[in-house]
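Participant: Just one file: data07.txt, with compact mmCIF, C-alpha atoms.
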```
# COMPACT_ATOMS: atom_id res chain seq x y z
CA MET A 30 18.02 18.69 -21.29
CA HIS A 31 21.10 16.61 -21.94
CA MET A 32 20.64 12.88 -21.53
CA VAL A 33 23.55 11.06 -19.99
CA GLU A 34 24.49 7.44 -19.52
CA LYS A 35 22.30 5.85 -16.86
CA LYS A 36 24.15 5.54 -13.56
CA GLU A 37 23.57 3.65 -10.33
CA LEU A 38 20.97 5.48 -8.27
CA GLU A 39 21.40 6.50 -4.69
CA ALA A 40 18.94 4.93 -2.25
CA GLY A 41 15.82 7.03 -2.33
CA GLU A 42 16.56 8.62 -5.72
CA PHE A 43 13.94 7.96 -8.41
CA VAL A 44 14.52 10.49 -11.18
CA SER A 45 16.94 8.72 -13.50
CA GLY A 46 18.67 9.45 -16.78
CA PHE A 47 19.64 13.07 -16.09
CA ASP A 48 22.89 14.62 -14.96
CA GLU A 49 23.38 15.80 -11.37
CA ARG A 50 22.48 19.43 -12.11
CA TYR A 51 19.05 18.35 -13.31
CA THR A 52 18.40 15.86 -10.49
CA GLN A 53 19.10 18.60 -7.94
CA GLN A 54 16.64 20.83 -9.80
CA SER A 55 14.07 18.01 -9.67
CA ARG A 56 14.47 17.58 -5.93
CA LEU A 57 14.10 21.28 -5.28
CA LEU A 58 11.12 21.54 -7.63
CA LEU A 59 9.40 18.60 -5.97
CA ARG A 60 10.02 20.15 -2.56
CA GLN A 61 8.37 23.38 -3.69
CA ILE A 62 5.22 21.81 -5.14
CA SER A 63 4.91 19.38 -2.23
CA GLU A 64 4.86 22.29 0.19
CA ASN A 65 2.62 24.42 -2.05
CA SER A 66 1.37 22.93 -5.30
CA ARG A 67 -0.15 26.30 -6.33
CA THR A 68 3.29 27.93 -6.59
CA SER A 69 3.45 29.67 -9.95
CA ILE A 70 5.82 28.67 -12.75
CA LEU A 71 7.43 32.11 -12.41
CA ASN A 72 8.20 31.56 -8.71
CA LEU A 73 9.38 28.01 -9.40
CA SER A 74 11.77 29.30 -12.07
CA LYS A 75 13.15 31.86 -9.58
CA LYS A 76 13.67 29.17 -6.93
CA LEU A 77 15.45 26.91 -9.42
CA LYS A 78 17.27 29.83 -11.08
CA VAL A 79 16.21 28.60 -14.51
CA SER A 80 13.94 29.88 -17.27
CA ARG A 81 10.19 29.52 -17.00
CA LYS A 82 10.24 27.04 -19.88
CA THR A 83 12.81 24.86 -18.12
CA ALA A 84 10.81 24.93 -14.87
CA LYS A 85 7.64 23.98 -16.77
CA ASP A 86 9.42 21.16 -18.63
CA ARG A 87 10.86 19.79 -15.38
CA LEU A 88 7.44 19.85 -13.79
CA LEU A 89 5.94 17.89 -16.70
CA MET A 90 8.77 15.37 -16.51
CA LEU A 91 8.19 14.79 -12.80
CA ARG A 92 4.49 14.29 -13.42
CA ARG A 93 5.33 11.53 -15.87
CA GLU A 94 8.02 9.95 -13.68
CA LEU A 95 6.03 9.90 -10.46
CA GLY A 96 2.45 9.98 -11.65
CA ILE A 97 1.97 13.23 -9.73
CA ARG A 98 -1.47 14.70 -9.19
CA TYR A 99 -1.96 18.11 -7.60
CA THR A 100 -4.25 17.76 -4.62
CA ILE A 101 -5.14 18.90 -1.09
CA GLU A 102 -4.03 17.85 2.35
CA PHE A 103 -7.21 18.26 4.39
CA ASN A 104 -7.66 18.97 8.06
CA GLU A 105 -9.88 15.93 8.44
CA SER A 106 -11.15 16.81 11.91
CA VAL A 107 -12.40 20.21 10.64
CA ILE A 108 -14.45 18.58 7.86
CA LYS A 109 -15.81 16.11 10.43
CA LEU A 110 -14.05 13.00 9.15
CA THR A 111 -13.53 11.76 12.67
CA SER A 112 -13.07 7.97 12.42
CA PRO A 113 -9.70 7.34 10.75
CA HIS A 114 -8.69 3.68 10.59
CA VAL A 115 -6.13 1.53 8.84
CA ILE A 116 -7.07 -2.05 7.99
CA LEU A 117 -4.96 -5.05 7.07
CA ALA A 118 -6.66 -7.98 5.36
CA LYS A 119 -5.39 -11.46 4.57
CA PHE A 120 -7.28 -13.80 2.25
CA THR A 121 -7.40 -17.60 2.45
CA ASN A 122 -8.66 -17.75 -1.13
CA ILE A 123 -7.22 -15.61 -3.92
CA PRO A 124 -9.73 -12.78 -4.35
CA ASP A 125 -11.08 -11.22 -7.50
CA TYR A 126 -9.51 -7.79 -6.99
CA ASP A 127 -11.88 -6.23 -9.52
CA GLU A 128 -14.76 -7.30 -7.27
CA VAL A 129 -12.88 -6.10 -4.19
CA THR A 130 -12.49 -2.71 -5.88
CA ARG A 131 -16.20 -2.56 -6.73
CA ILE A 132 -17.13 -3.41 -3.14
CA LEU A 133 -14.85 -0.75 -1.70
CA SER A 134 -15.73 1.96 -4.22
CA SER A 135 -19.44 1.63 -3.40
CA SER A 136 -18.83 3.59 -0.16
CA TYR A 137 -17.32 7.01 0.55
CA ILE A 138 -15.45 5.61 3.58
CA PRO A 139 -12.36 3.85 2.09
CA GLN A 140 -9.95 6.58 0.91
CA LEU A 141 -7.08 4.35 -0.20
CA ALA A 142 -6.98 0.62 -0.93
CA VAL A 143 -3.95 -1.22 -2.28
CA ALA A 144 -3.20 -4.86 -3.03
CA MET A 145 -0.07 -5.99 -1.21
CA LYS A 146 2.62 -8.65 -1.39
CA GLY A 147 3.91 -9.88 1.95
CA LYS A 148 2.37 -10.58 5.33
CA TYR A 149 -1.04 -9.30 4.19
CA ASP A 150 -2.95 -8.99 0.92
CA LEU A 151 -4.87 -5.74 1.28
CA PHE A 152 -4.26 -2.39 2.98
CA ILE A 153 -7.05 0.16 3.45
CA TYR A 154 -7.14 3.65 4.89
CA ALA A 155 -10.71 4.51 5.84
CA ASN A 156 -12.38 7.53 7.40
CA ALA A 157 -16.02 8.36 8.11
CA THR A 158 -18.08 11.26 9.39
CA SER A 159 -19.27 9.20 12.38
CA SER A 160 -18.23 6.12 14.31
CA SER A 161 -21.58 4.49 13.51
CA ASP A 162 -20.98 4.97 9.76
CA TYR A 163 -17.55 3.42 10.12
CA VAL A 164 -18.75 0.43 12.16
CA HIS A 165 -21.55 -0.31 9.68
CA TRP A 166 -19.13 -0.13 6.74
CA ASP A 167 -16.52 -2.24 8.55
CA LYS A 168 -18.95 -5.08 9.33
CA SER A 169 -20.75 -5.03 5.98
CA THR A 170 -17.45 -5.08 4.06
CA GLN A 171 -16.19 -8.08 6.02
CA ILE A 172 -19.44 -9.91 5.18
CA LYS A 173 -19.07 -9.10 1.47
CA LEU A 174 -15.48 -10.40 1.48
CA ALA A 175 -16.21 -13.45 3.63
CA LYS A 176 -16.28 -15.82 0.63
CA TYR A 177 -12.56 -15.18 0.17
CA GLY A 178 -11.80 -16.25 3.75
CA VAL A 179 -10.86 -12.74 4.85
CA SER A 180 -8.95 -12.11 8.08
CA TRP A 181 -9.59 -8.46 8.99
CA HIS A 182 -7.45 -6.39 11.39
CA ALA A 183 -8.44 -2.76 11.98
CA SER A 184 -6.71 -0.07 14.05
CA ASP A 185 -7.69 3.50 14.94
CA VAL A 186 -5.29 6.20 13.75
CA ALA A 187 -4.61 7.78 17.13
CA HIS A 188 -2.00 10.32 16.07
CA GLU A 189 -0.73 11.12 12.59
CA GLN A 190 2.89 12.12 13.04
CA LEU A 191 4.17 12.59 9.52
CA GLY A 192 2.45 12.78 6.16
CA TYR A 193 -1.16 12.42 5.10
CA PHE A 194 -3.58 10.26 3.12
CA PRO A 195 -5.24 11.82 0.03
CA LEU A 196 -9.05 11.85 0.25
CA ARG A 197 -11.44 10.76 -2.48
CA ASN A 198 -13.96 13.28 -3.78
CA GLU A 199 -16.72 10.90 -2.68
CA ALA A 200 -15.80 11.71 0.93
CA ILE A 201 -16.21 15.45 0.30
CA ASP A 202 -19.85 14.84 -0.66
CA HIS A 203 -20.50 13.78 2.95
CA VAL A 204 -18.86 16.65 4.82
CA PRO A 205 -21.14 19.28 6.43
CA LEU A 206 -20.44 22.23 4.14
CA LYS A 207 -22.50 24.39 1.82
CA PRO A 208 -22.81 22.86 -1.67
CA GLU A 209 -20.75 25.63 -3.31
CA LEU A 210 -17.86 25.00 -0.91
CA ARG A 211 -18.03 21.25 -1.51
CA SER A 212 -18.01 21.82 -5.28
CA LEU A 213 -14.93 24.03 -5.02
CA LEU A 214 -13.16 21.55 -2.73
CA LYS A 215 -13.75 18.69 -5.16
CA VAL A 216 -12.27 20.67 -8.05
CA LEU A 217 -9.21 21.64 -5.97
CA ASN A 218 -8.82 18.07 -4.70
CA SER A 219 -8.68 16.87 -8.31
CA ASP A 220 -6.27 19.62 -9.41
CA SER A 221 -4.97 22.03 -6.79
CA ARG A 222 -3.06 24.08 -9.42
CA ILE A 223 -6.20 24.95 -11.37
CA THR A 224 -6.76 28.67 -11.99
CA PHE A 225 -9.74 30.61 -10.70
CA SER A 226 -10.84 31.19 -14.30
CA ASP A 227 -10.89 27.46 -15.02
CA ILE A 228 -12.70 26.75 -11.75
CA SER A 229 -15.31 29.32 -12.73
CA LYS A 230 -15.87 27.58 -16.08
CA SER A 231 -15.82 24.10 -14.51
CA ILE A 232 -18.53 24.63 -11.89
CA GLY A 233 -20.35 27.68 -13.28
CA MET A 234 -19.35 29.96 -10.42
CA HIS A 235 -18.55 33.66 -10.90
CA PHE A 236 -14.83 34.45 -10.75
CA ASN A 237 -15.26 36.75 -7.72
CA THR A 238 -17.33 34.11 -5.93
CA VAL A 239 -14.60 31.54 -6.60
CA ALA A 240 -12.03 33.85 -5.02
CA TYR A 241 -14.28 34.56 -2.03
CA ASN A 242 -15.04 30.87 -1.38
CA PHE A 243 -11.40 29.90 -1.92
CA ASN A 244 -10.32 32.31 0.81
CA LYS A 245 -13.18 31.13 3.01
CA LEU A 246 -11.91 27.55 2.82
CA LEU A 247 -8.52 28.78 3.98
CA ARG A 248 -10.02 30.85 6.81
CA LEU A 249 -12.03 27.87 8.04
CA GLY A 250 -8.84 25.83 8.30
CA ILE A 251 -10.20 23.07 6.06
CA ILE A 252 -7.08 22.99 3.86
CA LYS A 253 -3.77 22.26 5.55
CA ARG A 254 -1.72 22.40 2.37
CA PHE A 255 -1.96 22.41 -1.40
CA THR A 256 0.24 19.45 -2.18
CA ILE A 257 0.72 16.38 -4.40
CA SER A 258 -0.11 12.68 -4.52
CA MET A 259 1.31 9.97 -6.75
CA SER A 260 0.94 6.71 -8.57
CA PRO A 261 3.53 4.10 -7.58
CA PRO A 262 6.78 5.49 -9.05
CA ARG A 263 8.43 3.42 -11.72
CA LYS A 264 11.56 1.50 -10.67
CA SER A 265 10.67 1.79 -6.99
CA ILE A 266 9.09 -0.09 -4.10
CA VAL A 267 6.37 1.29 -1.85
CA MET A 268 6.48 -0.67 1.41
CA SER A 269 4.41 -0.42 4.58
CA LEU A 270 5.22 -1.71 8.05
CA PHE A 271 2.94 -2.34 11.01
CA SER A 272 4.04 -3.17 14.53
CA LYS A 273 2.52 -4.26 17.82
CA TYR A 274 4.66 -3.93 20.91
CA VAL A 275 4.78 -4.29 24.68
CA LEU A 276 6.18 -1.14 26.25
CA SER A 277 9.24 -1.75 28.43
CA ASP A 278 12.23 0.10 29.87
CA GLY A 279 14.28 1.78 27.16
CA PHE A 280 11.46 1.75 24.63
CA GLU A 281 11.28 5.53 24.21
CA GLU A 282 15.05 5.74 23.77
CA ASP A 283 14.87 3.19 20.95
CA ALA A 284 11.80 4.88 19.45
CA ALA A 285 13.72 8.18 19.36
CA LYS A 286 16.39 6.51 17.20
CA ILE A 287 13.76 5.41 14.71
CA ARG A 288 12.23 8.90 14.67
CA LYS A 289 15.64 10.26 13.72
CA VAL A 290 15.72 7.86 10.77
CA TYR A 291 12.26 9.01 9.63
CA THR A 292 13.30 12.66 9.63
CA SER A 293 16.79 12.31 8.18
CA SER A 294 18.05 12.10 4.65
CA GLY A 295 21.44 12.02 3.01
CA MET A 296 20.33 14.56 0.41
CA ASP A 297 19.43 18.22 0.79
CA TYR A 298 16.32 17.75 -1.33
CA PRO A 299 15.28 14.09 -1.46
CA THR A 300 13.10 13.37 -4.47
CA ILE A 301 10.75 11.54 -2.14
CA ASN A 302 11.11 11.29 1.62
CA ARG A 303 11.54 7.60 2.22
CA TYR A 304 8.93 7.66 4.93
CA VAL A 305 5.89 9.35 3.40
CA ILE A 306 3.58 8.72 6.36
CA CYS A 307 3.95 7.57 9.97
CA ALA A 308 1.15 7.18 12.51
CA GLN A 309 0.50 5.91 16.00
CA LEU A 310 -2.35 3.40 16.13
CA VAL A 311 -4.67 1.85 18.69
CA GLY A 312 -6.12 -1.61 18.10
CA SER A 313 -4.68 -4.53 16.18
CA ASN A 314 -1.41 -2.59 15.75
CA ASP A 315 0.38 0.23 17.56
CA PHE A 316 2.40 1.83 14.76
CA PHE A 317 2.35 2.21 11.00
CA THR A 318 4.69 3.66 8.42
CA MET A 319 4.88 3.71 4.63
CA GLY A 320 8.00 4.46 2.62
CA VAL A 321 9.25 4.63 -0.95
CA PHE A 322 12.56 2.98 -1.87
CA ASP A 323 14.58 2.39 -5.02
CA ASN A 324 14.47 -1.43 -4.72
CA TYR A 325 13.10 -4.22 -2.54
CA ASP A 326 16.42 -5.04 -0.84
CA THR A 327 16.87 -1.45 0.28
CA ALA A 328 13.25 -1.28 1.48
CA TYR A 329 13.58 -4.49 3.50
CA SER A 330 16.93 -3.49 4.97
CA GLU A 331 16.08 0.12 5.79
CA MET A 332 12.49 -0.33 6.91
CA VAL A 333 12.07 -3.86 8.27
CA LEU A 334 15.51 -4.97 9.48
CA ARG A 335 16.36 -1.56 10.93
CA TYR A 336 13.06 -1.52 12.84
CA LYS A 337 13.49 -5.09 14.12
CA ASP A 338 17.10 -4.49 15.15
CA ASN A 339 16.23 -1.27 16.92
CA PHE A 340 13.52 -2.93 19.02
CA SER A 341 15.25 -6.29 19.45
CA ARG A 342 15.23 -6.02 23.28
CA HIS A 343 11.46 -5.46 23.34
CA LYS A 344 8.51 -7.68 22.51
CA VAL A 345 7.62 -6.32 19.08
CA ARG A 346 5.62 -7.99 16.31
CA VAL A 347 6.41 -6.62 12.85
CA GLU A 348 4.35 -7.19 9.69
CA TYR A 349 5.19 -5.66 6.33
CA GLY A 350 4.28 -5.74 2.67
CA SER A 351 4.94 -3.96 -0.62
CA VAL A 352 2.32 -2.34 -2.82
CA SER A 353 1.54 -4.37 -5.93
CA LYS A 354 -1.47 -2.40 -7.21
CA VAL A 355 -3.51 0.64 -6.22
CA LEU A 356 -7.18 -0.42 -6.22
CA LEU A 357 -8.78 2.79 -5.00
CA GLY A 358 -7.60 6.33 -4.31
CA ARG A 359 -4.08 7.73 -4.55
CA LEU A 360 -0.83 7.17 -2.69
CA PRO A 361 0.58 9.94 -0.49
CA LEU A 362 3.74 11.71 -1.61
CA ARG A 363 6.10 13.76 0.51
CA SER A 364 9.12 15.87 -0.29
CA ILE A 365 9.16 18.23 2.64
CA ASP A 366 11.33 19.17 5.60
CA ALA A 367 10.41 16.15 7.70
CA LYS A 368 12.21 17.51 10.75
CA LYS A 369 9.76 20.43 10.81
CA GLU A 370 6.72 18.25 10.16
CA TYR A 371 7.40 15.34 12.47
CA ASN A 372 5.57 15.61 15.80
CA ILE A 373 7.54 13.72 18.45
CA ILE A 374 5.28 12.14 21.04
CA LYS A 375 6.31 12.58 24.66
CA TRP A 376 5.65 9.18 26.13
CA ASN A 377 4.00 9.04 29.53
CA SER A 378 6.66 8.05 32.07
CA GLU A 379 4.32 5.53 33.68
CA TYR A 380 4.41 3.31 30.56
```
The structure given in the file should be rewritten as structure tokens.
Facilitator:
Amino acid sequence: MHMVEKKELEAGEFVSGFDERYTQQSRLLLRQISENSRTSILNLSKKLKVSRKTAKDRLLMLRRELGIRYTIEFNESVIKLTSPHVILAKFTNIPDYDEVTRILSSSYIPQLAVAMKGKYDLFIYANATSSSDYVHWDKSTQIKLAKYGVSWHASDVAHEQLGYFPLRNEAIDHVPLKPELRSLLKVLNSDSRITFSDISKSIGMHFNTVAYNFNKLLRLGIIKRFTISMSPPRKSIVMSLFSKYVLSDGFEEDAAKIRKVYTSSGMDYPTINRYVICAQLVGSNDFFTMGVFDNYDTAYSEMVLRYKDNFSRHKVRVEYGSVSKVLLGRLPLRSIDAKKEYNIIKWNSEY
């Protein structure tokens, strides 16, 4: 690799310090492993039209740059995680985030928790195998955080339109599957590129049994995709936006404009889709999105101001914040064809 003088980055570009030929390779490589993280080095080298060594080196570089972990996108409804919620919390008193982390990690239900800067202090994605489990966790967690003067706003995830949330292995322990399938899922969730031989050594399962159970997981529809998650990328901002709105004439037309933004990019292979997850909500908020940007000004302009301007003729409340620290779990990462993935809701004409 030939290092070049650092140049100004395009919005949305996070791999710095390499010439254009290499950044294009990085984008294409990230697209490939985001869509199928089990793609072999040989196939990656063919896609990139480079040697196997170069493909392997680029993959290692991206892991360092983005804190990539190979993981699974689950079909949560199939594994009976049926109570997805997002929670926003605001504290009157500055909390001890180490204690907050201990409280949250004591349950299998919170899958991602991040400290935020902005309109709220804490964001949580939670999912449980039953509504009663979720309600008990929700209430007990509020009680444990009450000393910090917590204001707690939860919403059901009604429809996930783009992206996914990585699941913790603790959640897999609670899904109704045979122990050998749960063991295999946990290994793949921790490293979805792991070989069958290494799985066999890791959990003491015969190679042929590993292959059989692997294919069984695919047949059951438990795994949507072998993909990647990330740590917060260096030199970037991860921002989330929540909105609550009153539906009015022209709302769907304006929403369609925003959907176009979420599925568009100025680059053939964006290193990271700006909008890594979008979801319709029911409850304290109606909509949620999370994106990755090269700086705060771009994030605020592209995510917050664009959203406010687009819905300026409607009654819309917008709250936003940027990730300051991941307390629990992993952040989602997307470098896919968003136009294919995005599921456009057909709004009921009576709204």
Participant: Using all atoms listed in the file, pick whichever of A:Val204, A:Leu73, A:Phe340, A:Asp323 has the shortest atom-to-atom distance to Leu276 of chain A.
Facilitator: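 Looking at the shortest contact to Leu276 of chain A, the residue is A:Phe340.
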Participant: Of the residues A:Ser180, A:Ser63, A:Asn242, A:Ser313, which is the one nearest to Phe120 of chain A, using all atoms listed in the file?
Facilitator: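 Smallest separation from Phe120 of chain A among the options: A:Ser180.
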Participant: So how many Å separate atom CA of Asp326 of chain A and atom CA of Val186 of chain A, to one decimal?
Facilitator: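 It comes out at 28.5 Å.
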Participant: What's the separation between atom CA of Gln140 of chain A and atom CA of Glu209 of chain A, in Å to one decimal place?
Facilitator: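 Here the two named atoms are 22.3 Å from each other.
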Participant: Please report the interatomic distance between atom CA of Arg92 of chain A and atom CA of Glu64 of chain A in Å with one decimal.
Facilitator: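 These atoms are spaced 15.8 Å apart.
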